[in-house]
$ cat final.txt   # compact mmCIF, N, CA and C atoms
# COMPACT_ATOMS: atom_id res chain seq x y z
N MET U 216 -14.58 16.97 -1.30
CA MET U 216 -13.48 16.28 -1.95
C MET U 216 -13.24 14.97 -1.22
N ALA U 217 -13.02 13.88 -1.94
CA ALA U 217 -12.84 12.56 -1.34
C ALA U 217 -11.42 12.33 -0.84
N VAL U 218 -10.41 12.80 -1.58
CA VAL U 218 -9.03 12.55 -1.18
C VAL U 218 -8.57 13.63 -0.21
N GLN U 219 -8.01 13.19 0.93
CA GLN U 219 -7.48 14.13 1.91
C GLN U 219 -5.99 14.37 1.70
N ARG U 220 -5.24 13.28 1.38
CA ARG U 220 -3.79 13.38 1.17
C ARG U 220 -3.32 12.06 0.59
N MET U 221 -2.12 12.04 0.05
CA MET U 221 -1.51 10.77 -0.32
C MET U 221 -0.82 10.25 0.93
N ASP U 222 -1.15 9.03 1.36
CA ASP U 222 -0.64 8.48 2.61
C ASP U 222 0.73 7.84 2.45
N ASN U 223 0.86 6.86 1.56
CA ASN U 223 2.16 6.25 1.32
C ASN U 223 2.14 5.50 0.00
N VAL U 224 3.32 5.13 -0.47
CA VAL U 224 3.47 4.31 -1.66
C VAL U 224 4.12 3.00 -1.22
N GLY U 225 3.54 1.88 -1.62
CA GLY U 225 4.06 0.57 -1.24
C GLY U 225 4.94 -0.02 -2.33
N ILE U 226 6.05 -0.59 -1.89
CA ILE U 226 6.99 -1.22 -2.82
C ILE U 226 7.35 -2.59 -2.26
N VAL U 227 7.15 -3.64 -3.06
CA VAL U 227 7.52 -4.99 -2.66
C VAL U 227 8.99 -5.20 -3.04
N VAL U 228 9.76 -5.67 -2.08
CA VAL U 228 11.19 -5.87 -2.29
C VAL U 228 11.59 -7.29 -1.90
N GLU U 229 12.71 -7.73 -2.42
CA GLU U 229 13.24 -9.04 -2.06
C GLU U 229 14.11 -8.95 -0.82
N ASP U 230 14.91 -7.90 -0.70
CA ASP U 230 15.83 -7.72 0.42
C ASP U 230 15.43 -6.46 1.18
N LEU U 231 14.66 -6.65 2.25
CA LEU U 231 14.12 -5.52 3.01
C LEU U 231 15.23 -4.69 3.65
N ASP U 232 16.22 -5.35 4.23
CA ASP U 232 17.29 -4.62 4.89
C ASP U 232 18.05 -3.73 3.91
N ALA U 233 18.35 -4.25 2.74
CA ALA U 233 19.06 -3.47 1.73
C ALA U 233 18.21 -2.28 1.26
N ALA U 234 16.90 -2.50 1.11
CA ALA U 234 16.02 -1.42 0.67
C ALA U 234 15.94 -0.32 1.73
N VAL U 235 15.81 -0.71 3.00
CA VAL U 235 15.77 0.28 4.08
C VAL U 235 17.08 1.06 4.11
N ALA U 236 18.18 0.35 4.02
CA ALA U 236 19.50 1.02 4.04
C ALA U 236 19.62 2.03 2.90
N PHE U 237 19.14 1.67 1.72
CA PHE U 237 19.20 2.55 0.57
C PHE U 237 18.41 3.83 0.82
N PHE U 238 17.15 3.68 1.27
CA PHE U 238 16.30 4.86 1.46
C PHE U 238 16.74 5.71 2.65
N VAL U 239 17.30 5.08 3.68
CA VAL U 239 17.84 5.85 4.80
C VAL U 239 19.06 6.64 4.33
N GLU U 240 19.87 5.99 3.54
CA GLU U 240 21.05 6.69 3.00
C GLU U 240 20.61 7.86 2.11
N LEU U 241 19.55 7.70 1.43
CA LEU U 241 19.01 8.76 0.58
C LEU U 241 18.55 9.97 1.39
N GLY U 242 18.23 9.73 2.67
CA GLY U 242 17.79 10.83 3.53
C GLY U 242 16.45 10.61 4.18
N MET U 243 15.81 9.48 3.90
CA MET U 243 14.54 9.17 4.54
C MET U 243 14.80 8.64 5.94
N GLU U 244 13.79 8.71 6.80
CA GLU U 244 13.91 8.26 8.18
C GLU U 244 13.08 7.01 8.40
N LEU U 245 13.65 6.03 9.08
CA LEU U 245 12.92 4.80 9.39
C LEU U 245 11.93 5.10 10.51
N GLU U 246 10.62 4.93 10.22
CA GLU U 246 9.58 5.11 11.24
C GLU U 246 9.45 3.87 12.09
N GLY U 247 9.58 2.71 11.45
CA GLY U 247 9.44 1.47 12.20
C GLY U 247 9.30 0.27 11.29
N ARG U 248 9.31 -0.88 11.93
CA ARG U 248 9.16 -2.16 11.24
C ARG U 248 8.06 -2.95 11.93
N ALA U 249 7.41 -3.82 11.16
CA ALA U 249 6.36 -4.67 11.73
C ALA U 249 6.16 -5.87 10.82
N GLN U 250 5.45 -6.86 11.34
CA GLN U 250 5.03 -7.98 10.52
C GLN U 250 3.52 -7.86 10.36
N VAL U 251 3.05 -8.01 9.13
CA VAL U 251 1.63 -7.89 8.82
C VAL U 251 1.11 -9.26 8.42
N GLU U 252 0.02 -9.67 9.04
CA GLU U 252 -0.61 -10.94 8.70
C GLU U 252 -2.00 -10.97 9.28
N GLY U 253 -2.78 -11.94 8.85
CA GLY U 253 -4.11 -12.11 9.42
C GLY U 253 -5.23 -11.72 8.47
N ARG U 254 -6.43 -11.75 9.03
CA ARG U 254 -7.66 -11.55 8.25
C ARG U 254 -7.70 -10.22 7.50
N VAL U 255 -7.34 -9.13 8.16
CA VAL U 255 -7.40 -7.81 7.51
C VAL U 255 -6.44 -7.77 6.33
N ALA U 256 -5.23 -8.29 6.51
CA ALA U 256 -4.25 -8.31 5.42
C ALA U 256 -4.78 -9.14 4.25
N ASP U 257 -5.38 -10.30 4.53
CA ASP U 257 -5.94 -11.14 3.48
C ASP U 257 -7.08 -10.44 2.76
N GLN U 258 -7.99 -9.84 3.52
CA GLN U 258 -9.15 -9.15 2.93
C GLN U 258 -8.71 -8.01 2.03
N CYS U 259 -7.81 -7.21 2.52
CA CYS U 259 -7.41 -6.00 1.82
C CYS U 259 -6.65 -6.33 0.52
N THR U 260 -5.81 -7.35 0.55
CA THR U 260 -4.98 -7.67 -0.62
C THR U 260 -5.64 -8.64 -1.58
N GLY U 261 -6.68 -9.36 -1.13
CA GLY U 261 -7.29 -10.36 -1.99
C GLY U 261 -6.45 -11.63 -2.07
N LEU U 262 -5.49 -11.79 -1.17
CA LEU U 262 -4.64 -12.97 -1.11
C LEU U 262 -4.99 -13.77 0.14
N GLU U 263 -4.54 -15.02 0.19
CA GLU U 263 -4.77 -15.84 1.38
C GLU U 263 -3.45 -16.16 2.05
N GLY U 264 -3.44 -16.11 3.38
CA GLY U 264 -2.25 -16.45 4.14
C GLY U 264 -1.15 -15.41 4.07
N VAL U 265 -1.54 -14.14 3.97
CA VAL U 265 -0.54 -13.07 3.86
C VAL U 265 0.29 -13.01 5.14
N ARG U 266 1.58 -12.97 4.94
CA ARG U 266 2.55 -12.72 6.03
C ARG U 266 3.70 -11.98 5.39
N CYS U 267 3.88 -10.73 5.79
CA CYS U 267 5.00 -9.98 5.23
C CYS U 267 5.61 -9.08 6.29
N ASP U 268 6.88 -8.81 6.10
CA ASP U 268 7.61 -7.88 6.93
C ASP U 268 7.55 -6.53 6.24
N ILE U 269 7.27 -5.48 7.02
CA ILE U 269 7.24 -4.16 6.43
C ILE U 269 8.16 -3.21 7.19
N ALA U 270 8.62 -2.22 6.47
CA ALA U 270 9.37 -1.11 7.07
C ALA U 270 8.78 0.16 6.48
N MET U 271 8.48 1.12 7.34
CA MET U 271 7.94 2.39 6.87
C MET U 271 9.05 3.43 6.98
N VAL U 272 9.31 4.09 5.86
CA VAL U 272 10.28 5.19 5.85
C VAL U 272 9.56 6.46 5.41
N ARG U 273 9.98 7.58 5.97
CA ARG U 273 9.32 8.85 5.66
C ARG U 273 10.34 9.91 5.27
N THR U 274 9.84 10.87 4.54
CA THR U 274 10.68 12.01 4.20
C THR U 274 10.90 12.84 5.46
N PRO U 275 11.98 13.58 5.52
CA PRO U 275 12.29 14.35 6.73
C PRO U 275 11.18 15.32 7.15
N ASP U 276 10.40 15.83 6.19
CA ASP U 276 9.31 16.74 6.54
C ASP U 276 8.10 16.01 7.11
N GLY U 277 8.11 14.67 7.03
CA GLY U 277 7.02 13.87 7.58
C GLY U 277 5.78 13.79 6.71
N HIS U 278 5.81 14.38 5.53
CA HIS U 278 4.62 14.40 4.68
C HIS U 278 4.50 13.20 3.74
N SER U 279 5.57 12.53 3.42
CA SER U 279 5.53 11.42 2.45
C SER U 279 6.21 10.20 3.02
N ARG U 280 5.61 9.02 2.71
CA ARG U 280 6.17 7.78 3.24
C ARG U 280 6.16 6.69 2.18
N LEU U 281 7.08 5.77 2.33
CA LEU U 281 7.12 4.55 1.54
C LEU U 281 6.95 3.38 2.50
N GLU U 282 6.13 2.41 2.11
CA GLU U 282 6.00 1.17 2.85
C GLU U 282 6.74 0.11 2.05
N LEU U 283 7.84 -0.36 2.57
CA LEU U 283 8.64 -1.40 1.92
C LEU U 283 8.20 -2.73 2.49
N ALA U 284 7.89 -3.71 1.64
CA ALA U 284 7.35 -4.98 2.10
C ALA U 284 8.08 -6.16 1.48
N LYS U 285 8.41 -7.11 2.33
CA LYS U 285 8.97 -8.39 1.89
C LYS U 285 7.96 -9.47 2.22
N TYR U 286 7.38 -10.07 1.18
CA TYR U 286 6.37 -11.11 1.38
C TYR U 286 7.04 -12.43 1.77
N ARG U 287 6.58 -12.98 2.89
CA ARG U 287 7.00 -14.33 3.32
C ARG U 287 6.00 -15.35 2.78
N SER U 288 4.71 -14.93 2.77
CA SER U 288 3.65 -15.81 2.28
C SER U 288 2.50 -14.93 1.80
N PRO U 289 1.89 -15.20 0.68
CA PRO U 289 2.45 -16.03 -0.38
C PRO U 289 3.72 -15.38 -0.93
N ALA U 290 4.55 -16.21 -1.51
CA ALA U 290 5.83 -15.72 -2.04
C ALA U 290 5.59 -14.63 -3.08
N ALA U 291 6.48 -13.67 -3.09
CA ALA U 291 6.40 -12.60 -4.09
C ALA U 291 6.57 -13.19 -5.48
N ILE U 292 5.90 -12.58 -6.44
CA ILE U 292 5.98 -13.03 -7.82
C ILE U 292 6.97 -12.16 -8.56
N ASP U 293 7.92 -12.78 -9.21
CA ASP U 293 8.92 -12.04 -9.98
C ASP U 293 8.27 -11.50 -11.24
N ALA U 294 8.29 -10.19 -11.39
CA ALA U 294 7.65 -9.54 -12.53
C ALA U 294 8.59 -9.38 -13.72
N GLY U 295 9.70 -10.08 -13.69
CA GLY U 295 10.63 -9.98 -14.81
C GLY U 295 11.90 -9.27 -14.41
N PRO U 296 12.65 -8.86 -15.40
CA PRO U 296 13.94 -8.23 -15.12
C PRO U 296 13.80 -7.02 -14.20
N ARG U 297 14.73 -6.87 -13.29
CA ARG U 297 14.69 -5.75 -12.35
C ARG U 297 15.20 -4.46 -12.98
N ASN U 298 15.87 -4.58 -14.11
CA ASN U 298 16.43 -3.39 -14.75
C ASN U 298 15.55 -2.93 -15.91
N ARG U 299 14.26 -3.05 -15.75
CA ARG U 299 13.32 -2.62 -16.78
C ARG U 299 13.43 -1.12 -17.01
N PRO U 300 13.09 -0.67 -18.21
CA PRO U 300 13.17 0.76 -18.49
C PRO U 300 12.23 1.57 -17.60
N HIS U 301 12.53 2.82 -17.45
CA HIS U 301 11.77 3.72 -16.60
C HIS U 301 10.31 3.83 -17.04
N ASN U 302 10.02 3.64 -18.31
CA ASN U 302 8.67 3.84 -18.83
C ASN U 302 7.83 2.57 -18.86
N ILE U 303 8.20 1.55 -18.09
CA ILE U 303 7.41 0.32 -18.01
C ILE U 303 6.08 0.65 -17.31
N LEU U 304 5.00 0.06 -17.76
CA LEU U 304 3.69 0.34 -17.20
C LEU U 304 3.47 -0.33 -15.86
N GLY U 305 2.78 0.35 -14.96
CA GLY U 305 2.34 -0.25 -13.71
C GLY U 305 3.14 0.16 -12.49
N THR U 306 2.56 -0.14 -11.35
CA THR U 306 3.18 0.12 -10.06
C THR U 306 2.51 -0.80 -9.05
N HIS U 307 3.10 -0.94 -7.85
CA HIS U 307 2.47 -1.79 -6.83
C HIS U 307 1.17 -1.16 -6.36
N ARG U 308 1.26 0.01 -5.75
CA ARG U 308 0.07 0.75 -5.38
C ARG U 308 0.45 2.11 -4.85
N VAL U 309 -0.51 3.01 -4.86
CA VAL U 309 -0.40 4.32 -4.22
C VAL U 309 -1.59 4.42 -3.29
N MET U 310 -1.35 4.81 -2.03
CA MET U 310 -2.42 4.85 -1.02
C MET U 310 -2.90 6.28 -0.79
N PHE U 311 -4.21 6.43 -0.72
CA PHE U 311 -4.81 7.74 -0.45
C PHE U 311 -5.74 7.66 0.75
N ALA U 312 -5.71 8.69 1.57
CA ALA U 312 -6.67 8.83 2.66
C ALA U 312 -7.92 9.48 2.06
N VAL U 313 -9.09 8.94 2.38
CA VAL U 313 -10.34 9.45 1.82
C VAL U 313 -11.35 9.71 2.94
N ASP U 314 -12.36 10.53 2.62
CA ASP U 314 -13.41 10.85 3.59
C ASP U 314 -14.38 9.69 3.77
N ASP U 315 -14.78 9.05 2.68
CA ASP U 315 -15.82 8.02 2.69
C ASP U 315 -15.41 6.93 1.70
N ILE U 316 -14.94 5.81 2.20
CA ILE U 316 -14.38 4.76 1.35
C ILE U 316 -15.42 4.15 0.41
N GLU U 317 -16.63 3.90 0.92
CA GLU U 317 -17.66 3.28 0.08
C GLU U 317 -18.10 4.21 -1.04
N ASP U 318 -18.27 5.49 -0.74
CA ASP U 318 -18.63 6.46 -1.77
C ASP U 318 -17.52 6.58 -2.81
N THR U 319 -16.29 6.58 -2.34
CA THR U 319 -15.15 6.70 -3.27
C THR U 319 -15.09 5.51 -4.21
N VAL U 320 -15.27 4.29 -3.68
CA VAL U 320 -15.27 3.09 -4.52
C VAL U 320 -16.40 3.17 -5.53
N ALA U 321 -17.57 3.58 -5.08
CA ALA U 321 -18.72 3.68 -5.99
C ALA U 321 -18.46 4.68 -7.11
N ARG U 322 -17.82 5.81 -6.80
CA ARG U 322 -17.54 6.81 -7.82
C ARG U 322 -16.45 6.37 -8.79
N LEU U 323 -15.55 5.49 -8.32
CA LEU U 323 -14.46 5.01 -9.19
C LEU U 323 -14.89 3.87 -10.11
N ARG U 324 -15.93 3.13 -9.73
CA ARG U 324 -16.37 1.98 -10.53
C ARG U 324 -16.68 2.33 -11.98
N PRO U 325 -17.37 3.45 -12.27
CA PRO U 325 -17.64 3.78 -13.68
C PRO U 325 -16.36 4.04 -14.49
N HIS U 326 -15.27 4.25 -13.80
CA HIS U 326 -13.98 4.48 -14.46
C HIS U 326 -13.15 3.20 -14.53
N GLY U 327 -13.79 2.06 -14.29
CA GLY U 327 -13.13 0.77 -14.42
C GLY U 327 -12.56 0.19 -13.15
N ALA U 328 -12.71 0.86 -12.01
CA ALA U 328 -12.15 0.36 -10.76
C ALA U 328 -12.89 -0.89 -10.28
N GLU U 329 -12.11 -1.86 -9.83
CA GLU U 329 -12.65 -3.09 -9.25
C GLU U 329 -11.92 -3.36 -7.94
N LEU U 330 -12.67 -3.77 -6.92
CA LEU U 330 -12.03 -4.15 -5.66
C LEU U 330 -11.10 -5.32 -5.89
N VAL U 331 -9.91 -5.26 -5.32
CA VAL U 331 -8.96 -6.37 -5.40
C VAL U 331 -9.39 -7.45 -4.41
N GLY U 332 -9.71 -7.05 -3.22
CA GLY U 332 -10.20 -7.97 -2.18
C GLY U 332 -11.55 -7.46 -1.70
N GLU U 333 -11.61 -7.03 -0.45
CA GLU U 333 -12.83 -6.48 0.14
C GLU U 333 -12.47 -5.22 0.90
N ILE U 334 -13.48 -4.46 1.27
CA ILE U 334 -13.25 -3.37 2.21
C ILE U 334 -13.11 -4.02 3.58
N ALA U 335 -11.99 -3.75 4.23
CA ALA U 335 -11.67 -4.38 5.51
C ALA U 335 -11.63 -3.33 6.61
N ARG U 336 -12.09 -3.73 7.79
CA ARG U 336 -12.06 -2.84 8.96
C ARG U 336 -10.87 -3.23 9.82
N PHE U 337 -9.99 -2.26 10.10
CA PHE U 337 -8.87 -2.48 11.00
C PHE U 337 -9.23 -1.88 12.35
N GLU U 338 -9.56 -2.77 13.29
CA GLU U 338 -9.98 -2.38 14.63
C GLU U 338 -11.03 -1.28 14.53
N ASP U 339 -10.93 -0.26 15.38
CA ASP U 339 -11.86 0.87 15.29
C ASP U 339 -11.15 2.07 14.67
N SER U 340 -10.08 1.79 13.90
CA SER U 340 -9.25 2.86 13.37
C SER U 340 -9.52 3.20 11.91
N TYR U 341 -9.56 2.18 11.04
CA TYR U 341 -9.63 2.43 9.60
C TYR U 341 -10.52 1.44 8.87
N LEU U 342 -11.07 1.90 7.76
CA LEU U 342 -11.60 1.02 6.72
C LEU U 342 -10.55 1.09 5.61
N LEU U 343 -10.20 -0.08 5.06
CA LEU U 343 -9.14 -0.16 4.06
C LEU U 343 -9.57 -1.02 2.89
N CYS U 344 -9.09 -0.68 1.70
CA CYS U 344 -9.27 -1.55 0.54
C CYS U 344 -8.28 -1.18 -0.55
N TYR U 345 -8.13 -2.10 -1.48
CA TYR U 345 -7.36 -1.83 -2.69
C TYR U 345 -8.33 -1.95 -3.86
N VAL U 346 -8.21 -1.04 -4.81
CA VAL U 346 -8.95 -1.14 -6.06
C VAL U 346 -7.97 -1.18 -7.20
N ARG U 347 -8.30 -1.99 -8.21
CA ARG U 347 -7.47 -2.05 -9.42
C ARG U 347 -8.09 -1.09 -10.41
N GLY U 348 -7.30 -0.12 -10.84
CA GLY U 348 -7.77 0.90 -11.76
C GLY U 348 -7.20 0.73 -13.15
N PRO U 349 -7.13 1.82 -13.91
CA PRO U 349 -6.62 1.77 -15.28
C PRO U 349 -5.21 1.17 -15.34
N GLU U 350 -4.95 0.40 -16.38
CA GLU U 350 -3.64 -0.22 -16.60
C GLU U 350 -3.25 -1.20 -15.50
N GLY U 351 -4.22 -1.59 -14.67
CA GLY U 351 -3.93 -2.55 -13.60
C GLY U 351 -3.30 -1.93 -12.38
N ILE U 352 -3.18 -0.61 -12.34
CA ILE U 352 -2.57 0.06 -11.19
C ILE U 352 -3.45 -0.16 -9.97
N ILE U 353 -2.82 -0.53 -8.87
CA ILE U 353 -3.55 -0.75 -7.63
C ILE U 353 -3.48 0.52 -6.79
N VAL U 354 -4.67 1.01 -6.40
CA VAL U 354 -4.78 2.19 -5.56
C VAL U 354 -5.37 1.75 -4.23
N GLY U 355 -4.70 2.11 -3.16
CA GLY U 355 -5.21 1.82 -1.83
C GLY U 355 -6.01 2.99 -1.31
N LEU U 356 -7.08 2.69 -0.59
CA LEU U 356 -7.93 3.72 0.01
C LEU U 356 -8.04 3.44 1.50
N ALA U 357 -7.92 4.50 2.29
CA ALA U 357 -8.02 4.36 3.75
C ALA U 357 -8.93 5.45 4.29
N GLU U 358 -9.97 5.02 5.02
CA GLU U 358 -10.87 5.96 5.68
C GLU U 358 -10.63 5.85 7.18
N GLN U 359 -10.20 6.94 7.78
CA GLN U 359 -10.01 6.93 9.23
C GLN U 359 -11.36 7.04 9.89
N LEU U 360 -11.63 6.13 10.84
CA LEU U 360 -12.90 6.13 11.55
C LEU U 360 -12.83 7.13 12.70
N ARG U 361 -13.88 7.81 12.93
CA ARG U 361 -13.89 8.86 13.96
C ARG U 361 -14.14 8.29 15.32
$ encode --input "final.txt" --output "structure tokens"
Amino acid sequence: MAVQRMDNVGIVVEDLDAAVAFFVELGMELEGRAQVEGRVADQCTGLEGVRCDIAMVRTPDGHSRLELAKYRSPAAIDAGPRNRPHNILGTHRVMFAVDDIEDTVARLRPHGAELVGEIARFEDSYLLCYVRGPEGIIVGLAEQLR
């Protein structure tokens, strides 16, 4: 099986502090905050000059996480009204941990998957990429290196 677990769901927000406060109030726990930028971020997202602030929040059982991101560069694109109906198509991305990232990408291609950027290596820890699948949904894949 290629998928090991769902790692996290990413949500781009305009006000990071307000989003963190909301999810903490809901009962999630703040794992930490960081700034993401550089070559790996550019490769993985298919964007240039990525600089964003992130906050990771997790469910109390530790099994599920949300990555909340505020883009500093390039600026976030407004996708329209924020009060869109629940059944609007699309999402930012859902991330999955996989056994073999290249094999997984190859198996997804016949189903319409296309790399958004490139497969990027994060130090000696992970191979990462985003693929655009059906309906434009972005799925992140992460292979932990042994």
$ atom_distance --input "final.txt" --atom1 "atom C of U:Ser288" --atom2 "atom CA of U:Cys267"
6.5 Å
$ closest_residue --input "final.txt" --among "U:Ala270, U:Leu360, U:Cys259, U:Ala284" --to "U:Tyr345" --atoms "only N, CA and C atoms"
U:Cys259
$ closest_residue --input "final.txt" --among "U:Arg220, U:His326, U:Arg273, U:Arg287" --to "U:Glu246" --atoms "all atoms listed in the file"
U:Arg273
$ residues_around --input "final.txt" --residues "U:Ser279" --least-positions-apart "4" --cutoff "6.5 Å" --atoms "only N, CA and C atoms" --output "ChimeraX atom specification"
/U:222-223,272-274
$ select_by_dssp --input "final.txt" --residues "chain U" --states "alpha helix (DSSP H)" --output "PyMOL selection string"
chain U and resi 231-241+254-260+316-323
$ select_by_dssp --input "final.txt" --residues "chain U" --states "strand (DSSP E or B)" --output "VMD selection string"
chain U and resid 218 to 227 244 to 252 266 to 273 280 to 288 308 to 313 329 to 330 335 to 337 341 to 347 353 to 359
$ closest_residue --input "final.txt" --among "U:Val224, U:Ala357, U:Leu281, U:Ala291" --to "U:Thr319" --atoms "only C-alpha atoms"
U:Ala357
$ atom_distance --input "final.txt" --atom1 "atom C of U:Arg308" --atom2 "atom N of U:Phe237"
19.8 Å
$ decode --input "final.txt" --residues "stretch 335-349 of chain U" --atoms "N, CA, C and O atoms" --output "compact mmCIF listing (two decimals), in the first residue's frame"
# COMPACT_ATOMS: atom_id res chain seq x y z
N ALA U 335 10.79 17.49 -4.41
CA ALA U 335 11.85 18.21 -3.71
C ALA U 335 12.36 17.39 -2.54
O ALA U 335 11.58 16.72 -1.86
N ARG U 336 13.66 17.48 -2.29
CA ARG U 336 14.27 16.78 -1.16
C ARG U 336 14.48 17.79 -0.04
O ARG U 336 15.14 18.81 -0.23
N PHE U 337 13.94 17.49 1.14
CA PHE U 337 14.15 18.31 2.32
C PHE U 337 15.21 17.64 3.18
O PHE U 337 14.95 16.62 3.81
N GLU U 338 16.41 18.20 3.13
CA GLU U 338 17.56 17.66 3.85
C GLU U 338 17.65 16.16 3.61
O GLU U 338 17.49 15.71 2.50
N ASP U 339 17.94 15.40 4.65
CA ASP U 339 17.97 13.94 4.52
C ASP U 339 16.71 13.34 5.14
O ASP U 339 16.71 12.17 5.53
N SER U 340 15.65 14.16 5.24
CA SER U 340 14.45 13.73 5.94
C SER U 340 13.31 13.27 5.04
O SER U 340 12.70 12.24 5.29
N TYR U 341 12.98 14.08 4.02
CA TYR U 341 11.79 13.80 3.21
C TYR U 341 12.00 14.11 1.73
O TYR U 341 12.77 15.00 1.39
N LEU U 342 11.25 13.40 0.91
CA LEU U 342 10.98 13.81 -0.46
C LEU U 342 9.55 14.33 -0.43
O LEU U 342 8.66 13.70 0.17
N LEU U 343 9.32 15.48 -1.07
CA LEU U 343 8.01 16.13 -1.02
C LEU U 343 7.58 16.58 -2.41
O LEU U 343 8.41 16.97 -3.22
N CYS U 344 6.28 16.55 -2.66
CA CYS U 344 5.75 17.14 -3.88
C CYS U 344 4.25 17.37 -3.73
O CYS U 344 3.62 16.84 -2.82
N TYR U 345 3.74 18.20 -4.62
CA TYR U 345 2.30 18.39 -4.74
C TYR U 345 1.90 17.93 -6.13
O TYR U 345 2.60 18.21 -7.11
N VAL U 346 0.79 17.23 -6.22
CA VAL U 346 0.21 16.87 -7.51
C VAL U 346 -1.19 17.44 -7.58
O VAL U 346 -1.88 17.52 -6.57
N ARG U 347 -1.55 17.90 -8.78
CA ARG U 347 -2.91 18.39 -9.00
C ARG U 347 -3.70 17.23 -9.57
O ARG U 347 -3.35 16.66 -10.59
N GLY U 348 -4.77 16.88 -8.88
CA GLY U 348 -5.59 15.75 -9.27
C GLY U 348 -6.93 16.19 -9.83
O GLY U 348 -7.08 17.32 -10.29
N PRO U 349 -7.93 15.31 -9.75
CA PRO U 349 -9.27 15.62 -10.27
C PRO U 349 -9.82 16.91 -9.67
O PRO U 349 -9.60 17.21 -8.50
